[in-house]
$ cat target03.pdb   # PDB, C-alpha atoms
MODEL        1
ATOM      1  CA  MET A   1     115.902  99.978  68.072
ATOM      2  CA  ASP A   2     113.724 102.300  70.143
ATOM      3  CA  GLU A   3     113.274 105.949  69.333
ATOM      4  CA  PRO A   4     116.483 107.913  70.075
ATOM      5  CA  ILE A   5     116.553 110.380  72.957
ATOM      6  CA  THR A   6     118.278 113.739  72.945
ATOM      7  CA  ILE A   7     121.482 114.446  74.811
ATOM      8  CA  GLU A   8     119.462 116.784  77.049
ATOM      9  CA  GLU A   9     117.139 113.925  77.984
ATOM     10  CA  PHE A  10     120.093 111.654  78.734
ATOM     11  CA  LYS A  11     121.754 114.311  80.914
ATOM     12  CA  ARG A  12     118.705 114.225  83.191
ATOM     13  CA  VAL A  13     119.474 110.608  84.182
ATOM     14  CA  GLN A  14     121.712 110.540  87.264
ATOM     15  CA  LEU A  15     123.796 107.367  87.299
ATOM     16  CA  ARG A  16     125.761 106.818  90.506
ATOM     17  CA  VAL A  17     127.844 104.089  92.104
ATOM     18  CA  ALA A  18     126.631 102.507  95.355
ATOM     19  CA  THR A  19     127.719  99.631  97.579
ATOM     20  CA  VAL A  20     125.232  96.972  98.615
ATOM     21  CA  ARG A  21     125.210  96.817 102.438
ATOM     22  CA  GLU A  22     122.334  94.331 102.906
ATOM     23  CA  ALA A  23     120.410  92.012 100.613
ATOM     24  CA  GLN A  24     117.446  89.830 101.425
ATOM     25  CA  PRO A  25     114.704  87.991  99.567
ATOM     26  CA  VAL A  26     111.335  89.691  99.179
ATOM     27  CA  PRO A  27     108.677  87.473 100.798
ATOM     28  CA  LYS A  28     106.497  85.495  98.371
ATOM     29  CA  SER A  29     108.709  86.336  95.384
ATOM     30  CA  SER A  30     111.261  84.145  93.644
ATOM     31  CA  LYS A  31     112.584  87.030  91.527
ATOM     32  CA  LEU A  32     112.915  90.013  93.858
ATOM     33  CA  LEU A  33     115.586  91.050  96.343
ATOM     34  CA  LYS A  34     115.456  93.976  98.742
ATOM     35  CA  LEU A  35     118.794  95.797  98.786
ATOM     36  CA  THR A  36     120.055  98.410 101.224
ATOM     37  CA  ILE A  37     122.638 100.510  99.404
ATOM     38  CA  ASP A  38     125.199 103.096 100.466
ATOM     39  CA  LEU A  39     125.403 106.130  98.175
ATOM     40  CA  GLY A  40     128.045 107.854 100.273
ATOM     41  CA  ASP A  41     125.843 110.665 101.530
ATOM     42  CA  GLU A  42     122.727 108.551 102.067
ATOM     43  CA  THR A  43     121.364 105.034 102.412
ATOM     44  CA  ARG A  44     118.515 103.832 100.201
ATOM     45  CA  THR A  45     116.379 100.778  99.606
ATOM     46  CA  LEU A  46     116.058  99.194  96.161
ATOM     47  CA  VAL A  47     113.901  96.305  95.018
ATOM     48  CA  ALA A  48     115.529  94.458  92.140
ATOM     49  CA  GLY A  49     114.456  91.484  90.025
ATOM     50  CA  ILE A  50     117.791  89.703  90.259
ATOM     51  CA  ALA A  51     117.103  86.862  92.737
ATOM     52  CA  GLU A  52     117.160  84.194  90.016
ATOM     53  CA  THR A  53     120.762  85.163  89.183
ATOM     54  CA  TYR A  54     122.249  86.395  92.458
ATOM     55  CA  ALA A  55     122.001  85.095  96.015
ATOM     56  CA  PRO A  56     121.895  87.813  98.695
ATOM     57  CA  GLU A  57     125.331  86.855 100.012
ATOM     58  CA  GLN A  58     126.848  87.417  96.540
ATOM     59  CA  LEU A  59     125.763  91.054  96.618
ATOM     60  CA  VAL A  60     126.809  92.348 100.035
ATOM     61  CA  GLY A  61     129.900  94.530  99.614
ATOM     62  CA  ARG A  62     129.551  94.686  95.846
ATOM     63  CA  GLN A  63     129.458  98.004  94.020
ATOM     64  CA  ILE A  64     126.650  98.558  91.539
ATOM     65  CA  VAL A  65     125.476 101.361  89.265
ATOM     66  CA  ILE A  66     122.034 102.814  89.924
ATOM     67  CA  VAL A  67     119.667 105.374  88.448
ATOM     68  CA  ALA A  68     119.606 107.721  91.437
ATOM     69  CA  ASN A  69     116.940 110.190  90.338
ATOM     70  CA  LEU A  70     114.194 107.725  89.431
ATOM     71  CA  GLN A  71     110.856 108.417  91.082
ATOM     72  CA  PRO A  72     110.345 106.025  94.030
ATOM     73  CA  ALA A  73     108.009 103.098  93.361
ATOM     74  CA  MET A  74     106.087 100.803  95.706
ATOM     75  CA  ILE A  75     106.995  97.179  94.909
ATOM     76  CA  ARG A  76     105.471  94.391  97.019
ATOM     77  CA  GLY A  77     104.906  96.852  99.855
ATOM     78  CA  ILE A  78     108.503  98.149  99.777
ATOM     79  CA  VAL A  79     109.439 101.637  98.568
ATOM     80  CA  SER A  80     112.171 101.241  95.950
ATOM     81  CA  GLU A  81     114.293 104.390  95.694
ATOM     82  CA  GLY A  82     116.152 103.836  92.438
ATOM     83  CA  MET A  83     116.985 101.153  89.907
ATOM     84  CA  LEU A  84     120.168  99.176  89.438
ATOM     85  CA  LEU A  85     121.665  98.659  86.003
ATOM     86  CA  ALA A  86     122.084  95.170  84.600
ATOM     87  CA  ALA A  87     122.637  93.692  81.175
ATOM     88  CA  ASP A  88     119.960  91.286  79.954
ATOM     89  CA  VAL A  89     121.672  88.203  78.549
ATOM     90  CA  ASP A  90     119.283  85.404  77.594
ATOM     91  CA  ASP A  91     116.798  86.616  80.246
ATOM     92  CA  THR A  92     119.544  86.639  82.882
ATOM     93  CA  ALA A  93     120.428  89.851  84.738
ATOM     94  CA  ILE A  94     124.182  90.591  84.757
ATOM     95  CA  LEU A  95     125.035  93.487  87.062
ATOM     96  CA  ILE A  96     126.927  96.524  85.806
ATOM     97  CA  SER A  97     129.784  97.422  88.168
ATOM     98  CA  PRO A  98     132.914  99.587  88.068
ATOM     99  CA  ASP A  99     136.078  97.617  87.268
ATOM    100  CA  ARG A 100     137.701  98.853  90.493
ATOM    101  CA  GLU A 101     136.404 100.286  93.750
ATOM    102  CA  VAL A 102     135.343 103.926  93.624
ATOM    103  CA  PRO A 103     133.840 106.208  96.267
ATOM    104  CA  ASN A 104     130.145 105.604  96.877
ATOM    105  CA  GLY A 105     128.057 108.247  95.162
ATOM    106  CA  SER A 106     130.517 108.645  92.272
ATOM    107  CA  VAL A 107     128.788 109.949  89.166
ATOM    108  CA  VAL A 108     128.781 107.686  86.116
ATOM    109  CA  ARG A 109     129.113 109.618  82.892
TER
ENDMDL
END
$ encode --input "target03.pdb" --output "C-alpha coordinates"
Amino acid sequence: MDEPITIEEFKRVQLRVATVREAQPVPKSSKLLKLTIDLGDETRTLVAGIAETYAPEQLVGRQIVIVANLQPAMIRGIVSEGMLLAADVDDTAILISPDREVPNGSVVR
(Lines of atoms letter the chains of each structure in order from A and count residues from 1; the text may use other names and numbers.)
(Lines give C-alpha, C1' and ligand atoms only; values in the text may rest on other atoms or scores of the structure.)
Protein backbone atom coordinates (compact mmCIF):
# COMPACT_ATOMS: atom_id res chain seq x y z
CA MET A 1 0.00 0.00 0.00
CA ASP A 2 1.17 3.53 -0.76
CA GLU A 3 1.89 6.07 1.92
CA PRO A 4 -1.36 7.26 3.58
CA ILE A 5 -2.57 10.81 3.02
CA THR A 6 -4.16 13.03 5.62
CA ILE A 7 -7.85 13.85 5.70
CA GLU A 8 -6.89 17.45 4.87
CA GLU A 9 -5.12 16.28 1.72
CA PHE A 10 -8.12 14.18 0.71
CA LYS A 11 -10.52 17.10 1.27
CA ARG A 12 -8.63 19.05 -1.39
CA VAL A 13 -9.71 16.56 -4.08
CA GLN A 14 -12.99 17.68 -5.67
CA LEU A 15 -14.91 14.68 -6.98
CA ARG A 16 -17.98 15.57 -9.03
CA VAL A 17 -20.52 13.79 -11.22
CA ALA A 18 -20.69 14.66 -14.92
CA THR A 19 -22.57 13.36 -17.96
CA VAL A 20 -20.69 12.45 -21.12
CA ARG A 21 -22.18 14.48 -24.00
CA GLU A 22 -19.72 13.48 -26.76
CA ALA A 23 -17.04 10.83 -27.11
CA GLN A 24 -14.63 10.29 -29.96
CA PRO A 25 -11.37 8.47 -30.59
CA VAL A 26 -8.13 10.42 -30.32
CA PRO A 27 -6.33 10.23 -33.69
CA LYS A 28 -3.36 7.84 -33.82
CA SER A 29 -4.21 6.29 -30.44
CA SER A 30 -5.85 2.95 -29.72
CA LYS A 31 -6.23 3.72 -26.00
CA LEU A 32 -7.47 7.31 -25.77
CA LEU A 33 -10.91 8.86 -26.10
CA LYS A 34 -11.76 12.56 -26.10
CA LEU A 35 -14.84 13.20 -23.97
CA THR A 36 -16.98 16.32 -23.75
CA ILE A 37 -18.63 16.33 -20.34
CA ASP A 38 -21.41 18.34 -18.72
CA LEU A 39 -20.70 19.41 -15.14
CA GLY A 40 -23.96 21.30 -14.78
CA ASP A 41 -22.45 24.77 -14.66
CA GLU A 42 -19.80 24.16 -17.32
CA THR A 43 -18.67 21.91 -20.15
CA ARG A 44 -15.17 20.42 -20.17
CA THR A 45 -12.97 18.19 -22.27
CA LEU A 46 -11.30 15.09 -20.84
CA VAL A 47 -8.86 12.69 -22.45
CA ALA A 48 -9.20 9.22 -20.98
CA GLY A 49 -7.37 5.94 -21.60
CA ILE A 50 -10.51 3.85 -21.82
CA ALA A 51 -10.86 3.16 -25.57
CA GLU A 52 -9.82 -0.49 -25.21
CA THR A 53 -12.80 -1.08 -22.89
CA TYR A 54 -15.47 1.37 -24.05
CA ALA A 55 -16.65 2.40 -27.51
CA PRO A 56 -17.63 6.07 -27.82
CA GLU A 57 -21.30 5.21 -28.29
CA GLN A 58 -21.31 3.34 -24.95
CA LEU A 59 -20.36 6.52 -23.12
CA VAL A 60 -22.68 9.21 -24.49
CA GLY A 61 -25.36 9.94 -21.88
CA ARG A 62 -23.54 8.03 -19.16
CA GLN A 63 -22.74 9.66 -15.83
CA ILE A 64 -19.18 9.39 -14.56
CA VAL A 65 -17.21 10.62 -11.56
CA ILE A 66 -14.32 12.99 -12.23
CA VAL A 67 -11.57 14.77 -10.33
CA ALA A 68 -12.71 18.31 -11.08
CA ASN A 69 -9.83 20.30 -9.60
CA LEU A 70 -6.94 18.52 -11.31
CA GLN A 71 -4.54 20.81 -13.13
CA PRO A 72 -5.23 20.70 -16.90
CA ALA A 73 -2.81 18.58 -18.93
CA MET A 74 -1.97 18.55 -22.64
CA ILE A 75 -2.48 15.02 -23.99
CA ARG A 76 -1.91 14.37 -27.71
CA GLY A 77 -2.53 18.04 -28.44
CA ILE A 78 -5.80 18.14 -26.47
CA VAL A 79 -6.19 19.99 -23.16
CA SER A 80 -7.66 17.54 -20.65
CA GLU A 81 -9.51 19.37 -17.87
CA GLY A 82 -9.92 16.65 -15.26
CA MET A 83 -9.67 12.90 -14.81
CA LEU A 84 -12.40 10.30 -14.68
CA LEU A 85 -12.41 7.59 -12.04
CA ALA A 86 -12.22 3.94 -13.02
CA ALA A 87 -11.37 0.72 -11.26
CA ASP A 88 -8.42 -1.21 -12.69
CA VAL A 89 -9.42 -4.86 -13.02
CA ASP A 90 -6.84 -7.02 -14.78
CA ASP A 91 -5.61 -3.96 -16.74
CA THR A 92 -9.18 -3.14 -17.79
CA ALA A 93 -10.74 0.22 -16.89
CA ILE A 94 -14.20 -0.10 -15.28
CA LEU A 95 -15.90 3.27 -14.92
CA ILE A 96 -17.15 4.50 -11.56
CA SER A 97 -20.71 5.84 -11.83
CA PRO A 98 -23.55 6.72 -9.45
CA ASP A 99 -26.13 3.94 -9.09
CA ARG A 100 -28.91 6.33 -10.17
CA GLU A 101 -29.02 9.60 -12.06
CA VAL A 102 -28.01 12.67 -10.08
CA PRO A 103 -27.68 16.33 -11.07
CA ASN A 104 -24.53 17.10 -13.04
CA GLY A 105 -21.94 18.74 -10.83
CA SER A 106 -23.05 16.83 -7.71
CA VAL A 107 -20.24 16.55 -5.20
CA VAL A 108 -19.01 13.05 -4.37
CA ARG A 109 -18.04 12.69 -0.74
$ closest_residue --input "target03.pdb" --among "A:Gly40, A:Pro4, A:Pro56, A:Pro72" --to "A:Asn104" --atoms "only C-alpha atoms"
A:Gly40
$ closest_residue --input "target03.pdb" --among "A:Met1, A:Leu15, A:Leu33, A:Leu39" --to "A:Ile78" --atoms "all atoms listed in the file"
A:Leu33
$ resolve_selection --input "target03.pdb" --expression "the PyMOL selection byres ((chain A and resi 86) around 9)" --output "list in words"
Ile50, Ile64, Val65, Leu84, Leu85, Ala87, Asp88, Ala93, Ile94, Leu95, Ile96 and Ser97 of chain A
$ write_last_selection --input "target03.pdb" --atoms "C-alpha atoms" --output "short mmCIF file (atom, residue, chain, number, x, y, z; two decimals), in the frame of the given file"
data_model
loop_
_atom_site.label_atom_id
_atom_site.label_comp_id
_atom_site.auth_asym_id
_atom_site.auth_seq_id
_atom_site.Cartn_x
_atom_site.Cartn_y
_atom_site.Cartn_z
CA ILE A 50 117.79 89.70 90.26
CA ILE A 64 126.65 98.56 91.54
CA VAL A 65 125.48 101.36 89.26
CA LEU A 84 120.17 99.18 89.44
CA LEU A 85 121.66 98.66 86.00
CA ALA A 87 122.64 93.69 81.18
CA ASP A 88 119.96 91.29 79.95
CA ALA A 93 120.43 89.85 84.74
CA ILE A 94 124.18 90.59 84.76
CA LEU A 95 125.04 93.49 87.06
CA ILE A 96 126.93 96.52 85.81
CA SER A 97 129.78 97.42 88.17
#
$ resolve_selection --input "target03.pdb" --expression "the PyMOL selection byres ((chain A and resi 13) around 9)" --output "MDAnalysis selection string"
chainID A and resid 9:12 14:15 67:70
$ atom_distance --input "target03.pdb" --atom1 "atom CA of A:Ala51" --atom2 "atom CA of A:Ser106"
25.6 Å
$ resolve_selection --input "target03.pdb" --expression "the PyMOL selection byres ((chain A and resi 30) around 12)" --output "list in words"
Gln24, Pro25, Val26, Pro27, Lys28, Ser29, Lys31, Leu32, Leu33, Lys34, Ala48, Gly49, Ile50, Ala51, Glu52, Thr53, Tyr54 and Ala55 of chain A
$ write_last_selection --input "target03.pdb" --atoms "C-alpha atoms" --output "PDB file, keeping the file's coordinate frame"
ATOM      1  CA  GLN A  24     117.446  89.830 101.425  1.00  0.00           C
ATOM      2  CA  PRO A  25     114.704  87.991  99.567  1.00  0.00           C
ATOM      3  CA  VAL A  26     111.335  89.691  99.179  1.00  0.00           C
ATOM      4  CA  PRO A  27     108.677  87.473 100.798  1.00  0.00           C
ATOM      5  CA  LYS A  28     106.497  85.495  98.371  1.00  0.00           C
ATOM      6  CA  SER A  29     108.709  86.336  95.384  1.00  0.00           C
ATOM      7  CA  LYS A  31     112.584  87.030  91.527  1.00  0.00           C
ATOM      8  CA  LEU A  32     112.915  90.013  93.858  1.00  0.00           C
ATOM      9  CA  LEU A  33     115.586  91.050  96.343  1.00  0.00           C
ATOM     10  CA  LYS A  34     115.456  93.976  98.742  1.00  0.00           C
ATOM     11  CA  ALA A  48     115.529  94.458  92.140  1.00  0.00           C
ATOM     12  CA  GLY A  49     114.456  91.484  90.025  1.00  0.00           C
ATOM     13  CA  ILE A  50     117.791  89.703  90.259  1.00  0.00           C
ATOM     14  CA  ALA A  51     117.103  86.862  92.737  1.00  0.00           C
ATOM     15  CA  GLU A  52     117.160  84.194  90.016  1.00  0.00           C
ATOM     16  CA  THR A  53     120.762  85.163  89.183  1.00  0.00           C
ATOM     17  CA  TYR A  54     122.249  86.395  92.458  1.00  0.00           C
ATOM     18  CA  ALA A  55     122.001  85.095  96.015  1.00  0.00           C
TER      19      ALA A  55
END
$ closest_residue --input "target03.pdb" --among "A:Val89, A:Leu46, A:Val107, A:Val60" --to "A:Ala73" --atoms "all atoms listed in the file"
A:Leu46
$ closest_residue --input "target03.pdb" --among "A:Arg76, A:Arg100, A:Ala18, A:Arg109" --to "A:Asp41" --atoms "all atoms listed in the file"
A:Ala18
$ atom_distance --input "target03.pdb" --atom1 "atom CA of A:Val102" --atom2 "atom CA of A:Thr45"
20.1 Å
$ atom_distance --input "target03.pdb" --atom1 "atom CA of A:Arg62" --atom2 "atom CA of A:Gly82"
16.6 Å
$ closest_residue --input "target03.pdb" --among "A:Ile75, A:Ile5, A:Leu59, A:Ile66" --to "A:Ala23" --atoms "all atoms listed in the file"
A:Leu59
$ axis_aligned_box --input "target03.pdb" --around "stretch 64-71 of chain A" --padding-each-side "3 Å" --output "AutoDock Vina command-line options"
--center_x 118.8 --center_y 104.4 --center_z 90.0 --size_x 21.8 --size_y 17.6 --size_z 9.1
